>>> print(open('data_20.cif').read())   # mmCIF, C-alpha atoms
data_run
#
loop_
_atom_site.group_PDB
_atom_site.id
_atom_site.type_symbol
_atom_site.label_atom_id
_atom_site.label_comp_id
_atom_site.auth_asym_id
_atom_site.auth_seq_id
_atom_site.Cartn_x
_atom_site.Cartn_y
_atom_site.Cartn_z
ATOM 1 C CA MET A 1 3.273 15.375 -13.980
ATOM 2 C CA THR A 2 3.286 14.717 -10.216
ATOM 3 C CA ALA A 3 -0.456 15.437 -10.112
ATOM 4 C CA ASP A 4 -0.924 12.312 -12.247
ATOM 5 C CA VAL A 5 1.261 10.245 -9.917
ATOM 6 C CA PHE A 6 0.170 11.003 -6.355
ATOM 7 C CA HIS A 7 -1.680 13.361 -4.052
ATOM 8 C CA ILE A 8 -0.572 14.513 -0.615
ATOM 9 C CA ALA A 9 -3.189 15.647 1.874
ATOM 10 C CA HIS A 10 -1.337 17.727 4.439
ATOM 11 C CA PRO A 11 -2.702 18.583 7.870
ATOM 12 C CA GLU A 12 -2.933 22.241 8.792
ATOM 13 C CA ARG A 13 0.024 21.492 11.044
ATOM 14 C CA GLN A 14 1.737 18.153 11.339
ATOM 15 C CA SER A 15 1.472 17.467 15.042
ATOM 16 C CA VAL A 16 2.433 13.785 15.190
ATOM 17 C CA PRO A 17 5.407 11.742 13.937
ATOM 18 C CA VAL A 18 3.127 9.628 11.746
ATOM 19 C CA VAL A 19 2.674 9.459 7.966
ATOM 20 C CA PHE A 20 -0.013 7.427 6.187
ATOM 21 C CA SER A 21 0.341 6.124 2.633
ATOM 22 C CA SER A 22 -1.790 4.237 0.130
ATOM 23 C CA PRO A 23 0.389 3.203 -2.842
ATOM 24 C CA HIS A 24 -2.094 0.809 -4.476
ATOM 25 C CA SER A 25 -5.329 2.816 -4.484
ATOM 26 C CA GLY A 26 -4.601 4.674 -7.737
ATOM 27 C CA ARG A 27 -7.336 4.527 -10.338
ATOM 28 C CA VAL A 28 -6.271 6.917 -13.110
ATOM 29 C CA TYR A 29 -5.897 4.446 -15.983
ATOM 30 C CA PRO A 30 -4.256 5.861 -19.139
ATOM 31 C CA GLU A 31 -6.498 5.373 -22.159
ATOM 32 C CA SER A 32 -3.626 3.935 -24.183
ATOM 33 C CA PHE A 33 -3.002 1.365 -21.429
ATOM 34 C CA LEU A 34 -6.635 0.251 -21.404
ATOM 35 C CA ARG A 35 -6.715 0.130 -25.193
ATOM 36 C CA ASP A 36 -3.662 -2.122 -25.380
ATOM 37 C CA SER A 37 -4.693 -4.446 -22.545
ATOM 38 C CA LEU A 38 -6.398 -7.819 -22.884
ATOM 39 C CA LEU A 39 -8.614 -6.851 -19.953
ATOM 40 C CA ASP A 40 -11.644 -4.608 -19.821
ATOM 41 C CA ALA A 41 -11.840 -1.497 -17.673
ATOM 42 C CA HIS A 42 -13.493 -3.422 -14.827
ATOM 43 C CA VAL A 43 -11.363 -6.567 -14.610
ATOM 44 C CA ILE A 44 -8.133 -4.592 -14.765
ATOM 45 C CA ARG A 45 -9.086 -3.003 -11.443
ATOM 46 C CA SER A 46 -9.042 -6.325 -9.572
ATOM 47 C CA SER A 47 -5.566 -5.742 -8.124
ATOM 48 C CA GLU A 48 -6.421 -2.205 -7.039
ATOM 49 C CA ASP A 49 -6.708 -1.351 -3.345
ATOM 50 C CA ALA A 50 -10.012 0.312 -4.108
ATOM 51 C CA PHE A 51 -11.270 2.877 -1.564
ATOM 52 C CA VAL A 52 -8.318 2.476 0.803
ATOM 53 C CA ASP A 53 -7.408 6.117 0.235
ATOM 54 C CA ASP A 54 -10.947 7.046 1.233
ATOM 55 C CA LEU A 55 -10.888 4.839 4.336
ATOM 56 C CA PHE A 56 -7.811 6.659 5.652
ATOM 57 C CA SER A 57 -8.720 10.121 4.405
ATOM 58 C CA ALA A 58 -9.225 11.457 7.936
ATOM 59 C CA ALA A 59 -5.505 11.172 8.745
ATOM 60 C CA PRO A 60 -4.785 14.905 8.170
ATOM 61 C CA LEU A 61 -7.512 15.788 10.684
ATOM 62 C CA TYR A 62 -5.353 14.046 13.280
ATOM 63 C CA GLY A 63 -2.163 15.858 12.356
ATOM 64 C CA ALA A 64 -0.686 13.286 9.947
ATOM 65 C CA PRO A 65 -0.048 13.663 6.200
ATOM 66 C CA LEU A 66 -1.540 11.130 3.794
ATOM 67 C CA ILE A 67 0.097 10.335 0.447
ATOM 68 C CA THR A 68 -2.045 8.412 -2.027
ATOM 69 C CA ALA A 69 -1.129 7.088 -5.451
ATOM 70 C CA ARG A 70 -3.093 8.084 -8.526
ATOM 71 C CA VAL A 71 -1.227 5.780 -10.903
ATOM 72 C CA PRO A 72 -2.844 2.302 -10.778
ATOM 73 C CA ARG A 73 -1.036 -0.793 -9.583
ATOM 74 C CA ALA A 74 -1.745 -2.698 -12.812
ATOM 75 C CA TYR A 75 0.223 -0.023 -14.692
ATOM 76 C CA LEU A 76 3.100 0.312 -12.223
ATOM 77 C CA ASP A 77 3.532 -1.217 -8.780
ATOM 78 C CA LEU A 78 4.909 1.373 -6.365
ATOM 79 C CA ASN A 79 5.501 -1.290 -3.707
ATOM 80 C CA ARG A 80 8.182 -3.009 -5.781
ATOM 81 C CA ALA A 81 11.818 -2.183 -6.396
ATOM 82 C CA PRO A 82 12.491 -0.417 -9.697
ATOM 83 C CA ASP A 83 14.726 -3.293 -10.808
ATOM 84 C CA GLU A 84 12.074 -5.998 -10.236
ATOM 85 C CA LEU A 85 11.597 -6.328 -13.994
ATOM 86 C CA ASP A 86 9.861 -9.351 -15.454
ATOM 87 C CA PRO A 87 11.512 -10.843 -18.568
ATOM 88 C CA ALA A 88 8.197 -12.527 -19.401
ATOM 89 C CA VAL A 89 6.573 -9.161 -20.081
ATOM 90 C CA ILE A 90 9.464 -6.782 -20.880
ATOM 91 C CA GLU A 91 11.698 -7.162 -23.906
ATOM 92 C CA GLY A 92 15.441 -7.201 -23.474
ATOM 93 C CA ILE A 93 15.508 -8.285 -19.829
ATOM 94 C CA SER A 94 17.753 -11.197 -18.957
ATOM 95 C CA ARG A 95 16.660 -13.611 -16.279
ATOM 96 C CA ALA A 96 17.799 -12.589 -12.813
ATOM 97 C CA PRO A 97 18.073 -14.726 -9.662
ATOM 98 C CA HIS A 98 14.717 -16.159 -8.617
ATOM 99 C CA ASN A 99 12.316 -13.534 -7.293
ATOM 100 C CA PRO A 100 8.920 -14.959 -6.278
ATOM 101 C CA ARG A 101 7.107 -11.673 -6.937
ATOM 102 C CA VAL A 102 8.509 -11.360 -10.442
ATOM 103 C CA SER A 103 7.984 -15.050 -11.150
ATOM 104 C CA SER A 104 4.311 -14.745 -10.227
ATOM 105 C CA GLY A 105 3.883 -11.793 -12.599
ATOM 106 C CA LEU A 106 3.871 -9.133 -9.907
ATOM 107 C CA GLY A 107 7.028 -7.173 -10.604
ATOM 108 C CA VAL A 108 7.273 -3.404 -10.842
ATOM 109 C CA ILE A 109 5.531 -3.636 -14.233
ATOM 110 C CA PRO A 110 2.919 -6.304 -13.455
ATOM 111 C CA ARG A 111 2.229 -9.029 -15.984
ATOM 112 C CA VAL A 112 -1.044 -10.130 -14.372
ATOM 113 C CA VAL A 113 -3.818 -8.842 -12.162
ATOM 114 C CA SER A 114 -5.661 -10.704 -9.419
ATOM 115 C CA GLY A 115 -6.404 -14.302 -10.334
ATOM 116 C CA GLY A 116 -3.379 -14.525 -12.630
ATOM 117 C CA ARG A 117 -5.157 -12.855 -15.551
ATOM 118 C CA ALA A 118 -2.700 -11.547 -18.142
ATOM 119 C CA ILE A 119 -2.691 -7.801 -18.757
ATOM 120 C CA TYR A 120 -0.885 -7.679 -22.113
ATOM 121 C CA ARG A 121 -1.048 -9.458 -25.447
ATOM 122 C CA GLY A 122 2.721 -9.524 -25.795
ATOM 123 C CA LYS A 123 5.848 -7.983 -24.356
ATOM 124 C CA LEU A 124 6.510 -4.312 -23.689
ATOM 125 C CA PRO A 125 9.606 -2.548 -25.020
ATOM 126 C CA LEU A 126 12.193 -1.917 -22.315
ATOM 127 C CA ALA A 127 11.972 1.810 -23.071
ATOM 128 C CA VAL A 128 8.285 1.799 -22.074
ATOM 129 C CA ALA A 129 9.068 0.166 -18.736
ATOM 130 C CA GLU A 130 11.901 2.598 -18.104
ATOM 131 C CA SER A 131 9.713 5.603 -18.895
ATOM 132 C CA ARG A 132 7.038 4.469 -16.432
ATOM 133 C CA ILE A 133 9.624 4.025 -13.718
ATOM 134 C CA ARG A 134 11.144 7.436 -14.471
ATOM 135 C CA ASP A 135 7.833 9.304 -14.705
ATOM 136 C CA TYR A 136 5.865 7.596 -11.938
ATOM 137 C CA TRP A 137 7.960 5.425 -9.617
ATOM 138 C CA HIS A 138 10.726 7.911 -8.863
ATOM 139 C CA PRO A 139 8.453 10.942 -8.237
ATOM 140 C CA TYR A 140 6.273 8.958 -5.834
ATOM 141 C CA HIS A 141 9.214 7.636 -3.860
ATOM 142 C CA ARG A 142 10.914 11.016 -3.725
ATOM 143 C CA ALA A 143 7.732 12.450 -2.224
ATOM 144 C CA LEU A 144 7.330 9.551 0.224
ATOM 145 C CA ARG A 145 10.972 9.755 1.287
ATOM 146 C CA ASP A 146 10.680 13.523 1.772
ATOM 147 C CA LEU A 147 7.635 13.083 4.025
ATOM 148 C CA ILE A 148 9.432 10.498 6.145
ATOM 149 C CA GLU A 149 12.615 12.543 6.424
ATOM 150 C CA ALA A 150 10.795 15.796 7.199
ATOM 151 C CA THR A 151 8.824 13.983 9.906
ATOM 152 C CA HIS A 152 11.986 12.461 11.344
ATOM 153 C CA LEU A 153 13.752 15.824 11.317
ATOM 154 C CA ARG A 154 10.873 17.511 13.119
ATOM 155 C CA PHE A 155 10.061 14.863 15.716
ATOM 156 C CA GLY A 156 13.207 12.746 15.942
ATOM 157 C CA GLU A 157 11.147 9.762 14.811
ATOM 158 C CA ALA A 158 8.905 8.776 11.922
ATOM 159 C CA VAL A 159 6.212 6.095 11.734
ATOM 160 C CA LEU A 160 4.879 5.220 8.276
ATOM 161 C CA VAL A 161 1.562 3.360 8.209
ATOM 162 C CA ASP A 162 1.451 1.836 4.715
ATOM 163 C CA CYS A 163 -2.193 1.051 3.947
ATOM 164 C CA HIS A 164 -3.380 -1.780 1.695
ATOM 165 C CA SER A 165 -6.288 -4.161 1.194
ATOM 166 C CA MET A 166 -6.329 -7.918 0.652
ATOM 167 C CA PRO A 167 -8.822 -10.176 -1.126
ATOM 168 C CA HIS A 168 -10.945 -12.115 1.337
ATOM 169 C CA GLU A 169 -9.532 -15.422 0.102
ATOM 170 C CA ALA A 170 -5.927 -14.260 0.547
ATOM 171 C CA ILE A 171 -5.809 -15.601 4.067
ATOM 172 C CA ASP A 172 -7.179 -19.029 3.163
ATOM 173 C CA GLY A 173 -4.640 -21.645 4.137
ATOM 174 C CA HIS A 174 -2.934 -19.337 6.618
ATOM 175 C CA THR A 175 -5.242 -20.010 9.555
ATOM 176 C CA ARG A 176 -5.776 -23.166 11.516
ATOM 177 C CA LEU A 177 -8.928 -25.138 10.838
ATOM 178 C CA GLY A 178 -11.725 -23.802 13.007
ATOM 179 C CA SER A 179 -9.887 -20.596 13.889
ATOM 180 C CA PRO A 180 -11.405 -17.271 12.825
ATOM 181 C CA LYS A 181 -9.614 -15.572 9.960
ATOM 182 C CA PRO A 182 -7.832 -12.320 10.648
ATOM 183 C CA GLU A 183 -9.477 -9.225 9.250
ATOM 184 C CA VAL A 184 -6.283 -7.180 9.360
ATOM 185 C CA VAL A 185 -2.722 -8.342 8.767
ATOM 186 C CA LEU A 186 0.073 -6.098 10.026
ATOM 187 C CA GLY A 187 3.537 -6.528 8.548
ATOM 188 C CA ASP A 188 6.797 -5.252 9.993
ATOM 189 C CA ARG A 189 9.057 -7.832 8.337
ATOM 190 C CA PHE A 190 9.233 -9.705 11.645
ATOM 191 C CA GLY A 191 10.601 -6.709 13.509
ATOM 192 C CA ALA A 192 13.060 -5.550 10.846
ATOM 193 C CA ALA A 193 10.876 -2.611 9.736
ATOM 194 C CA ALA A 194 9.411 -1.319 13.015
ATOM 195 C CA GLY A 195 10.108 -1.292 16.717
ATOM 196 C CA ARG A 196 8.074 -3.612 18.910
ATOM 197 C CA GLU A 197 6.354 -0.839 20.881
ATOM 198 C CA VAL A 198 5.224 0.856 17.677
ATOM 199 C CA MET A 199 3.903 -2.421 16.286
ATOM 200 C CA ASP A 200 2.137 -3.170 19.569
ATOM 201 C CA ARG A 201 0.451 0.225 19.507
ATOM 202 C CA VAL A 202 -0.769 -0.103 15.912
ATOM 203 C CA GLU A 203 -2.064 -3.609 16.625
ATOM 204 C CA ALA A 204 -3.839 -2.393 19.763
ATOM 205 C CA ALA A 205 -5.565 0.337 17.739
ATOM 206 C CA PHE A 206 -7.102 -2.198 15.348
ATOM 207 C CA VAL A 207 -7.924 -4.701 18.095
ATOM 208 C CA GLY A 208 -9.528 -1.920 20.132
ATOM 209 C CA ALA A 209 -11.772 -1.203 17.150
ATOM 210 C CA GLY A 210 -13.029 -4.790 17.297
ATOM 211 C CA LEU A 211 -10.989 -6.221 14.406
ATOM 212 C CA ARG A 212 -9.156 -9.548 14.387
ATOM 213 C CA VAL A 213 -5.464 -8.960 13.744
ATOM 214 C CA ALA A 214 -2.556 -11.152 12.673
ATOM 215 C CA ARG A 215 1.095 -10.285 12.290
ATOM 216 C CA ASN A 216 3.336 -10.963 9.283
ATOM 217 C CA ALA A 217 1.361 -13.861 7.810
ATOM 218 C CA PRO A 218 0.630 -14.023 4.991
ATOM 219 C CA PHE A 219 1.918 -10.466 4.419
ATOM 220 C CA ALA A 220 5.092 -9.342 6.170
ATOM 221 C CA GLY A 221 5.679 -6.175 4.160
ATOM 222 C CA ALA A 222 7.113 -5.573 0.703
ATOM 223 C CA PHE A 223 9.444 -3.003 -0.848
ATOM 224 C CA ILE A 224 8.240 0.058 1.087
ATOM 225 C CA ALA A 225 8.571 -1.629 4.485
ATOM 226 C CA GLN A 226 11.905 -3.138 3.513
ATOM 227 C CA SER A 227 13.338 0.111 2.171
ATOM 228 C CA TYR A 228 12.095 2.716 4.626
ATOM 229 C CA GLY A 229 11.824 0.779 7.859
ATOM 230 C CA ARG A 230 14.922 1.379 9.980
ATOM 231 C CA PRO A 231 13.944 0.990 13.639
ATOM 232 C CA SER A 232 17.508 1.549 14.814
ATOM 233 C CA GLY A 233 17.348 4.950 13.117
ATOM 234 C CA ARG A 234 13.878 5.659 14.554
ATOM 235 C CA ARG A 235 12.180 5.178 11.205
ATOM 236 C CA HIS A 236 9.371 2.650 11.449
ATOM 237 C CA VAL A 237 7.135 1.172 8.756
ATOM 238 C CA ILE A 238 4.094 -1.017 9.334
ATOM 239 C CA GLN A 239 2.195 -2.435 6.377
ATOM 240 C CA VAL A 240 -1.550 -2.731 6.949
ATOM 241 C CA GLU A 241 -3.682 -5.181 4.953
ATOM 242 C CA ILE A 242 -7.457 -4.983 5.470
ATOM 243 C CA ASP A 243 -9.911 -7.635 4.279
ATOM 244 C CA ARG A 244 -11.789 -6.044 1.362
ATOM 245 C CA SER A 245 -14.984 -7.931 2.119
ATOM 246 C CA LEU A 246 -15.424 -5.781 5.235
ATOM 247 C CA TYR A 247 -16.273 -2.691 3.215
ATOM 248 C CA MET A 248 -16.649 -3.478 -0.502
ATOM 249 C CA ASP A 249 -18.248 -5.852 -2.976
ATOM 250 C CA GLU A 250 -15.094 -7.385 -4.415
ATOM 251 C CA ALA A 251 -16.713 -8.579 -7.641
ATOM 252 C CA ARG A 252 -18.390 -5.273 -8.456
ATOM 253 C CA ILE A 253 -15.659 -3.083 -6.890
ATOM 254 C CA THR A 254 -18.285 -0.971 -5.164
ATOM 255 C CA PRO A 255 -18.607 0.102 -1.521
ATOM 256 C CA LEU A 256 -20.918 -1.940 0.666
ATOM 257 C CA PRO A 257 -23.904 -0.218 2.307
ATOM 258 C CA GLY A 258 -21.935 -0.201 5.567
ATOM 259 C CA PHE A 259 -18.918 1.560 4.059
ATOM 260 C CA VAL A 260 -19.498 4.817 5.939
ATOM 261 C CA ASP A 261 -19.689 2.967 9.245
ATOM 262 C CA PHE A 262 -16.513 1.032 8.497
ATOM 263 C CA LYS A 263 -14.739 4.239 7.509
ATOM 264 C CA ARG A 264 -15.815 5.718 10.826
ATOM 265 C CA LEU A 265 -14.294 2.695 12.571
ATOM 266 C CA ILE A 266 -11.010 3.166 10.680
ATOM 267 C CA THR A 267 -11.047 6.814 11.726
ATOM 268 C CA THR A 268 -11.058 5.670 15.368
ATOM 269 C CA VAL A 269 -8.009 3.554 14.527
ATOM 270 C CA ILE A 270 -6.280 6.594 13.022
ATOM 271 C CA ALA A 271 -7.095 8.606 16.140
ATOM 272 C CA GLU A 272 -5.582 5.904 18.338
ATOM 273 C CA ILE A 273 -2.430 5.483 16.239
ATOM 274 C CA THR A 274 -1.804 9.223 16.134
ATOM 275 C CA GLY A 275 -2.399 9.533 19.841
ATOM 276 C CA ALA A 276 -5.465 11.727 19.724
ATOM 277 C CA GLN A 277 -6.296 10.607 23.248
ATOM 278 C CA HIS A 278 -2.769 10.045 24.547
ATOM 279 C CA ALA A 279 0.799 10.151 23.327
ATOM 280 C CA LEU A 280 2.056 7.505 20.929
ATOM 281 C CA PRO A 281 4.583 5.294 22.773
ATOM 282 C CA LEU A 282 7.419 5.247 20.295
ATOM 283 C CA ALA A 283 10.198 2.708 20.323
ATOM 284 C CA ALA A 284 13.247 3.317 22.464
ATOM 285 C CA GLU A 285 16.498 4.158 20.766
#
>>> encode(input="data_20.cif", output="structure tokens")
Amino acid sequence: MTADVFHIAHPERQSVPVVFSSPHSGRVYPESFLRDSLLDAHVIRSSEDAFVDDLFSAAPLYGAPLITARVPRAYLDLNRAPDELDPAVIEGISRAPHNPRVSSGLGVIPRVVSGGRAIYRGKLPLAVAESRIRDYWHPYHRALRDLIEATHLRFGEAVLVDCHSMPHEAIDGHTRLGSPKPEVVLGDRFGAAAGREVMDRVEAAFVGAGLRVARNAPFAGAFIAQSYGRPSGRRHVIQVEIDRSLYMDEARITPLPGFVDFKRLITTVIAEITGAQHALPLAAE
């Protein structure tokens, strides 16, 4: 079953206290899910972080493991808490205190994909939601937690780089008029998920590659950053959001002609984060 949930690419020897993850790049869509959805096999991919796993696939060459989801975000969102259940799409769920993610249809079992397009014709039985969480959510998070803890045990510190992509228009309204839009948004929940020196180093890696970087706006980090980032315990999480228009045709969900070059650029970022040229300055205790 775990082969349907995630894949871990291990280095020959983990030589750095860094783990990379891509929880939204899964693209193994169950046939029954596609058959029951209002959306066709193309539109349903619009929330997918397409090709992010490929962009960061060089991580093991630099001594860092990479865990990538195979289960798609439209089916189950691995960057949500297992109790972020949406009563508008799941039967038998009572309304909980206001949660903006759930209210917008982006709970652990999403109600919509990008653009607010509904996935289902009606509601899902609670048992279906619970089975997805049991069979997909828990195995992924056990594996992610094990990677973080094994890294921390070995090095005394763990840095998780949680890799995502954002639609080009996602940053509209979050930049001042006339200012260039960021191409990468790094989220550490305003310092709650990662130490400042770690955040500075990750930002410097992207800036050094020639990319415009913003911090925590409009994406500060979701469930993974909130749950696994404990800087005081030397466990750091930084969420990375990359503008999709840099490397893919968003409408067609296909790589741009310059994809290989952009992947090469991201590989230089990986090399810098992992300290291929010099040691990673980790946060003080």
>>> residues_around(input="data_20.cif", residues="Val198 in chain A", least_positions_apart="2", cutoff="12 Å", atoms="all atoms listed in the file", output="VMD selection string")
chain A and resid 17 to 18 157 to 161 186 to 188 191 193 to 196 200 to 205 229 231 234 to 238 272 to 275 279 to 284
>>> resolve_selection(input="data_20.cif", expression="the PyMOL selection byres ((chain A and resi 247-254) around 12)", output="MDAnalysis selection string")
chainID A and resid 27 41:52 54:55 114 165:169 183 242:246 255:266
>>> residues_around(input="data_20.cif", residues="Arg121 in chain A", least_positions_apart="2", cutoff="8 Å", atoms="only C-alpha atoms", output="number ranges by chain")
A: 36-38, 118-119, 123
>>> atom_distance(input="data_20.cif", atom1="CA of Ala59 in chain A", atom2="CA of Ile270 in chain A")
6.3 Å
>>> resolve_selection(input="data_20.cif", expression="the PyMOL selection byres ((chain A and resi 29) around 9)", output="PDB file with C-alpha atoms, in the frame of the given file")
ATOM      1  CA  GLY A  26      -4.601   4.674  -7.737  1.00  0.00           C
ATOM      2  CA  ARG A  27      -7.336   4.527 -10.338  1.00  0.00           C
ATOM      3  CA  VAL A  28      -6.271   6.917 -13.110  1.00  0.00           C
ATOM      4  CA  PRO A  30      -4.256   5.861 -19.139  1.00  0.00           C
ATOM      5  CA  GLU A  31      -6.498   5.373 -22.159  1.00  0.00           C
ATOM      6  CA  SER A  32      -3.626   3.935 -24.183  1.00  0.00           C
ATOM      7  CA  PHE A  33      -3.002   1.365 -21.429  1.00  0.00           C
ATOM      8  CA  LEU A  34      -6.635   0.251 -21.404  1.00  0.00           C
ATOM      9  CA  ALA A  41     -11.840  -1.497 -17.673  1.00  0.00           C
ATOM     10  CA  ARG A  70      -3.093   8.084  -8.526  1.00  0.00           C
ATOM     11  CA  VAL A  71      -1.227   5.780 -10.903  1.00  0.00           C
ATOM     12  CA  PRO A  72      -2.844   2.302 -10.778  1.00  0.00           C
ATOM     13  CA  ALA A  74      -1.745  -2.698 -12.812  1.00  0.00           C
ATOM     14  CA  TYR A  75       0.223  -0.023 -14.692  1.00  0.00           C
TER      15      TYR A  75
END
>>> residues_near_point(input="data_20.cif", point="(12.4, -2.2, -10.7)", cutoff="10 Å", atoms="only C-alpha atoms", output="count of residues only")
19
>>> closest_residue(input="data_20.cif", among="A:Gln239, A:Asn216, A:Ser57, A:Thr68", to="Tyr140 in chain A", atoms="all atoms listed in the file")
A:Thr68
>>> atom_distance(input="data_20.cif", atom1="CA of Asp53 in chain A", atom2="CA of Val240 in chain A")
12.6 Å
>>> residues_around(input="data_20.cif", residues="Leu211 in chain A", least_positions_apart="4", cutoff="8 Å", atoms="all atoms listed in the file", output="list in words")
Pro182, Glu183, Val184, Phe206 and Val207 of chain A
>>> resolve_selection(input="data_20.cif", expression="the PyMOL selection byres ((chain A and resi 87-89) around 7)", output="list of chain:residue names")
A:Leu85, A:Asp86, A:Ile90, A:Glu91, A:Ile93, A:Ser94, A:Arg95, A:Arg111, A:Gly122, A:Lys123, A:Leu124
>>> residues_around(input="data_20.cif", residues="Ala143 in chain A", least_positions_apart="2", cutoff="10 Å", atoms="all atoms listed in the file", output="ChimeraX atom specification")
/A:2,6-8,67,138-141,145-149
>>> closest_residue(input="data_20.cif", among="A:Asp162, A:Ala69, A:Val112, A:Gly92", to="Val128 in chain A", atoms="all atoms listed in the file")
A:Gly92
